[in-house]
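Asker: So that we are looking at the same thing, I have put the structure below in structure tokens.
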Amino acid sequence: MTLHISIVKIEEEKISSEKAKNFIASKNNGAESIFVGKVRNENDRKEVTAVTYDTHDEAVIKSFQSICNNAKDKFDKNAKIFLEHAKGYVLVGEISILIAVGSSHRDEAFKICRYILEEVKHQSPIWKKEHYKDGKEEWLSGHSLRPKKDIK
Amino acid sequence: MEIHLRLYGSSKILSDKDSLKIELPNNSNIEKLRDILSKIISEKYSKNNLENLPKTAAFFSEKNEVVNDNYKLKDKEFISIIPPIGGG
């Protein structure tokens, strides 16, 4: 198996770097690239305590499969890819997304990792609600999936 | 006719439940749904910073595919509203 994708319900389990490393490990790989995205404690001068991630599960999984398969077609058909994204209430410092790639060479490993991250941000129906120290909360604006020409 | 609008992201402000039942004239399409949503938001949620949602959102059919504004809605159909996304 060369592809692992999942939405992780944070109240049930955590995203694990060790699990990702074990998944991509292979004697065929000369390079491993791992990106770990975490919730940070500040955004737009506001003190963040946590982020709630909402997901359209079926469409996210469909998009993850498409993105990862495209990445393999584009850079390395034999790459091993691990992609998990959090769902639910994620505290500052905890992992929101983890992408791990095992590939023959470093250039492909880096490129696949970066490609997947950018495409997830632009294709996968995932939303963030930030929670602030003062008790307020806010859904963040993002990238519209409606064609630009149709937005008047 | 009525449809069930599955709520995601910022649209969850529109209901405590996962979906919102919306009454529409027969043979309505997505464009009409955008109009009705604009009215609901301006009448009940004007302070929630949602005024751009009806025009910036995409909509998914039950097959999880984006549908365009001419898509004819069916009575009792489930449609997902997809506000602008931003994971990672």
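FYI, nothing fancy with the structure tokens labels: chains A, B, ... in order, residues from 1 per chain, ligands from 1 as they appear.
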From a DSSP pass on the backbone, collect the residues of stretch 18-138 of chain A flagged as strand (DSSP E) and hand them back as JSON, numbers by chain.

Answerer: {"A": [31, 32, 33, 34, 35, 36, 37, 38, 42, 43, 46, 47, 48, 49, 50, 51, 52, 53, 54, 55, 80, 81, 82, 83, 84, 85, 86, 87, 88, 89, 90, 91, 95, 96, 97, 98, 99, 100, 101, 102, 103, 126, 127, 128, 129, 130, 131, 132, 137, 138]}

Asker: Kindly provide the residues of chain B that approach chain A to within 8 Å, each paired with its closest atom pair and their distance in Å to one decimal, based on only C-alpha atoms, listed by chain and increasing number, as CSV.

Answerer:
```
residue,atom,partner,partner_atom,distance
B:Tyr8,CA,A:Asp54,CA,6.8
B:Gly9,CA,A:Trp127,CA,5.2
B:Ser10,CA,A:Trp139,CA,5.5
B:Lys55,CA,A:Ile151,CA,6.0
B:Thr56,CA,A:Ser144,CA,5.9
B:Ala57,CA,A:Arg146,CA,6.3
B:Ala58,CA,A:Arg146,CA,4.9
B:Asn64,CA,A:Ala59,CA,5.9
B:Ile82,CA,A:Pro125,CA,7.1
B:Pro83,CA,A:Ser144,CA,6.7
B:Pro84,CA,A:Ser144,CA,4.0
B:Ile85,CA,A:Gly142,CA,4.8
B:Gly86,CA,A:Gly142,CA,4.9
B:Gly87,CA,A:Ile126,CA,4.8
B:Gly88,CA,A:Ile97,CA,5.6
```

Asker: Could you turn the residues from that selection into a file that holds N, CA and C atoms, as an mmCIF file, in the first residue's frame?

Answerer:
```cif
data_model
loop_
_atom_site.group_PDB
_atom_site.id
_atom_site.type_symbol
_atom_site.label_atom_id
_atom_site.label_comp_id
_atom_site.auth_asym_id
_atom_site.auth_seq_id
_atom_site.Cartn_x
_atom_site.Cartn_y
_atom_site.Cartn_z
ATOM 1 N N TYR B 8 -22.084 23.648 6.712
ATOM 2 C CA TYR B 8 -20.653 23.483 7.002
ATOM 3 C C TYR B 8 -20.024 24.850 7.263
ATOM 4 N N GLY B 9 -18.934 24.831 8.028
ATOM 5 C CA GLY B 9 -18.178 26.058 8.278
ATOM 6 C C GLY B 9 -19.069 27.152 8.840
ATOM 7 N N SER B 10 -18.882 28.367 8.331
ATOM 8 C CA SER B 10 -19.601 29.526 8.882
ATOM 9 C C SER B 10 -21.116 29.408 8.754
ATOM 10 N N LYS B 55 -23.324 34.499 -2.051
ATOM 11 C CA LYS B 55 -22.665 34.618 -3.357
ATOM 12 C C LYS B 55 -21.296 33.929 -3.415
ATOM 13 N N THR B 56 -20.638 33.764 -2.282
ATOM 14 C CA THR B 56 -19.310 33.130 -2.319
ATOM 15 C C THR B 56 -19.360 31.617 -2.123
ATOM 16 N N ALA B 57 -20.478 31.113 -1.608
ATOM 17 C CA ALA B 57 -20.562 29.667 -1.357
ATOM 18 C C ALA B 57 -20.737 28.898 -2.656
ATOM 19 N N ALA B 58 -20.194 27.676 -2.660
ATOM 20 C CA ALA B 58 -20.519 26.709 -3.700
ATOM 21 C C ALA B 58 -21.550 25.757 -3.096
ATOM 22 N N ASN B 64 -21.812 14.798 -4.060
ATOM 23 C CA ASN B 64 -20.633 15.563 -3.626
ATOM 24 C C ASN B 64 -19.903 16.225 -4.785
ATOM 25 N N ILE B 82 -21.214 24.995 0.700
ATOM 26 C CA ILE B 82 -19.758 24.941 0.863
ATOM 27 C C ILE B 82 -19.221 26.374 0.913
ATOM 28 N N PRO B 83 -19.139 26.950 2.122
ATOM 29 C CA PRO B 83 -18.537 28.289 2.237
ATOM 30 C C PRO B 83 -17.070 28.244 1.785
ATOM 31 N N PRO B 84 -16.460 29.397 1.538
ATOM 32 C CA PRO B 84 -15.037 29.397 1.179
ATOM 33 C C PRO B 84 -14.216 28.558 2.166
ATOM 34 N N ILE B 85 -13.326 27.750 1.602
ATOM 35 C CA ILE B 85 -12.618 26.732 2.394
ATOM 36 C C ILE B 85 -11.247 27.242 2.860
ATOM 37 N N GLY B 86 -10.668 26.546 3.816
ATOM 38 C CA GLY B 86 -9.327 26.941 4.265
ATOM 39 C C GLY B 86 -8.770 26.014 5.313
ATOM 40 N N GLY B 87 -8.420 24.794 4.897
ATOM 41 C CA GLY B 87 -7.859 23.846 5.855
ATOM 42 C C GLY B 87 -6.368 24.026 6.039
ATOM 43 N N GLY B 88 -5.763 23.047 6.689
ATOM 44 C CA GLY B 88 -4.312 23.046 6.883
ATOM 45 C C GLY B 88 -3.902 23.624 8.208
#
```

Asker: What are the DSSP helix (DSSP H, G or I) residues of chain A, as a PyMOL selection string?

Answerer: chain A and resi 17-24+57-74+106-123+148-150

Asker: Just C-alpha atoms for this one: save the residues we selected as a PDB file, in the first residue's frame.

Answerer:
```pdb
ATOM      1  CA  SER A  17       4.225  11.528  13.435  1.00  0.00           C
ATOM      2  CA  GLU A  18       5.462   8.060  14.390  1.00  0.00           C
ATOM      3  CA  LYS A  19       2.594   6.394  12.555  1.00  0.00           C
ATOM      4  CA  ALA A  20       3.397   8.493   9.485  1.00  0.00           C
ATOM      5  CA  LYS A  21       7.114   7.660   9.602  1.00  0.00           C
ATOM      6  CA  ASN A  22       6.359   3.945   9.912  1.00  0.00           C
ATOM      7  CA  PHE A  23       3.962   4.102   6.973  1.00  0.00           C
ATOM      8  CA  ILE A  24       6.366   5.719   4.525  1.00  0.00           C
ATOM      9  CA  ASP A  57     -15.934  14.129   5.155  1.00  0.00           C
ATOM     10  CA  GLU A  58     -16.865  12.395   1.899  1.00  0.00           C
ATOM     11  CA  ALA A  59     -15.722  15.283  -0.293  1.00  0.00           C
ATOM     12  CA  VAL A  60     -12.495  15.712   1.686  1.00  0.00           C
ATOM     13  CA  ILE A  61     -11.555  12.047   1.248  1.00  0.00           C
ATOM     14  CA  LYS A  62     -12.391  12.265  -2.455  1.00  0.00           C
ATOM     15  CA  SER A  63     -10.203  15.374  -2.799  1.00  0.00           C
ATOM     16  CA  PHE A  64      -7.328  13.808  -0.806  1.00  0.00           C
ATOM     17  CA  GLN A  65      -7.335  10.769  -3.119  1.00  0.00           C
ATOM     18  CA  SER A  66      -7.340  12.949  -6.210  1.00  0.00           C
ATOM     19  CA  ILE A  67      -4.605  15.290  -4.913  1.00  0.00           C
ATOM     20  CA  CYS A  68      -2.294  12.454  -3.841  1.00  0.00           C
ATOM     21  CA  ASN A  69      -2.777  10.523  -7.073  1.00  0.00           C
ATOM     22  CA  ASN A  70      -2.075  13.663  -9.084  1.00  0.00           C
ATOM     23  CA  ALA A  71       1.065  14.270  -7.010  1.00  0.00           C
ATOM     24  CA  LYS A  72       2.292  10.769  -7.789  1.00  0.00           C
ATOM     25  CA  ASP A  73       1.551  11.146 -11.495  1.00  0.00           C
ATOM     26  CA  LYS A  74       3.314  14.486 -11.551  1.00  0.00           C
ATOM     27  CA  ARG A 106      14.846  14.540  -2.179  1.00  0.00           C
ATOM     28  CA  ASP A 107      13.556  16.862  -4.884  1.00  0.00           C
ATOM     29  CA  GLU A 108      10.450  14.745  -5.515  1.00  0.00           C
ATOM     30  CA  ALA A 109       9.836  14.260  -1.783  1.00  0.00           C
ATOM     31  CA  PHE A 110       9.904  18.031  -1.139  1.00  0.00           C
ATOM     32  CA  LYS A 111       7.803  18.818  -4.183  1.00  0.00           C
ATOM     33  CA  ILE A 112       5.105  16.252  -3.414  1.00  0.00           C
ATOM     34  CA  CYS A 113       4.840  17.486   0.179  1.00  0.00           C
ATOM     35  CA  ARG A 114       4.455  21.128  -0.891  1.00  0.00           C
ATOM     36  CA  TYR A 115       2.078  20.271  -3.732  1.00  0.00           C
ATOM     37  CA  ILE A 116      -0.255  18.319  -1.440  1.00  0.00           C
ATOM     38  CA  LEU A 117      -0.334  21.091   1.178  1.00  0.00           C
ATOM     39  CA  GLU A 118      -1.212  23.820  -1.322  1.00  0.00           C
ATOM     40  CA  GLU A 119      -3.825  21.702  -3.096  1.00  0.00           C
ATOM     41  CA  VAL A 120      -5.516  20.709   0.177  1.00  0.00           C
ATOM     42  CA  LYS A 121      -5.837  24.399   1.037  1.00  0.00           C
ATOM     43  CA  HIS A 122      -7.412  25.114  -2.369  1.00  0.00           C
ATOM     44  CA  GLN A 123      -9.540  22.015  -2.976  1.00  0.00           C
ATOM     45  CA  LYS A 148     -14.673  33.537  -9.820  1.00  0.00           C
ATOM     46  CA  LYS A 149     -16.522  34.629 -12.967  1.00  0.00           C
ATOM     47  CA  ASP A 150     -19.852  33.751 -11.293  1.00  0.00           C
TER      48      ASP A 150
END
```

Asker: Which neighbours of B:Ser38 fall inside 10 Å, counting only C-alpha atoms, when residues of the same chain fewer than 3 positions from it are skipped, and could you give them as a list of chain:residue names?

Answerer: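 Close residues of B:Ser38: B:Lys32, B:Leu33, B:Arg34, B:Asp35, B:Ile41, B:Ser42, B:Glu43, B:Tyr45, B:Ser46, B:Leu50, B:Glu51, B:Asn52, B:Leu53, B:Pro54, B:Lys55.
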
Asker: Include C-alpha atoms and write out the residues we just selected as a PDB file, in the first residue's frame.

Answerer:
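What landed in selection.pdb:
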```pdb
ATOM      1  CA  LYS B  32     -33.095  30.941  -6.320  1.00  0.00           C
ATOM      2  CA  LEU B  33     -31.629  29.217  -3.283  1.00  0.00           C
ATOM      3  CA  ARG B  34     -28.942  31.927  -3.125  1.00  0.00           C
ATOM      4  CA  ASP B  35     -31.694  34.596  -3.176  1.00  0.00           C
ATOM      5  CA  ILE B  41     -29.411  36.197   6.444  1.00  0.00           C
ATOM      6  CA  SER B  42     -30.460  39.843   6.083  1.00  0.00           C
ATOM      7  CA  GLU B  43     -33.602  39.287   8.187  1.00  0.00           C
ATOM      8  CA  TYR B  45     -28.385  37.095  10.890  1.00  0.00           C
ATOM      9  CA  SER B  46     -27.394  40.591   9.838  1.00  0.00           C
ATOM     10  CA  LEU B  50     -22.556  36.325   6.713  1.00  0.00           C
ATOM     11  CA  GLU B  51     -23.801  38.758   4.075  1.00  0.00           C
ATOM     12  CA  ASN B  52     -21.312  37.493   1.431  1.00  0.00           C
ATOM     13  CA  LEU B  53     -22.037  33.826   2.071  1.00  0.00           C
ATOM     14  CA  PRO B  54     -24.838  33.352  -0.507  1.00  0.00           C
ATOM     15  CA  LYS B  55     -22.665  34.618  -3.357  1.00  0.00           C
TER      16      LYS B  55
END
```

Asker: Can you work out the spacing between atom CA of B:Ile81 and atom CA of B:Glu2 in Å, to one decimal?

Answerer: 15.2 Å

Asker: Which residues are near A:Lys80? Cut-off 9 Å, only C-alpha atoms, ignore same chain within fewer than 5 positions. Put them as an NGL selection string.

Answerer: :A and (1-4 or 23-26 or 29 or 72 or 100-103)

Asker: Do you know which residues are at most 7 Å from A:Arg40 counting only C-alpha atoms, after dropping those on the same chain fewer than 2 positions away, and could you put them as a list in words?

Answerer: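 Contacts, with the query itself left out: Lys38, Glu42, Val92 and Gly93 of chain A.
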
Asker: Separation of atom CA of B:Lys12 and atom CA of B:Asn48, in Å?

Answerer: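 These atoms are spaced 11.2 Å apart.
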
Asker: Using only C-alpha atoms, which residues sit within 9 Å of B:Leu5 once same-chain residues fewer than 3 positions away are excluded, as an NGL selection string?

Answerer: :B and (18-22 or 77-81)
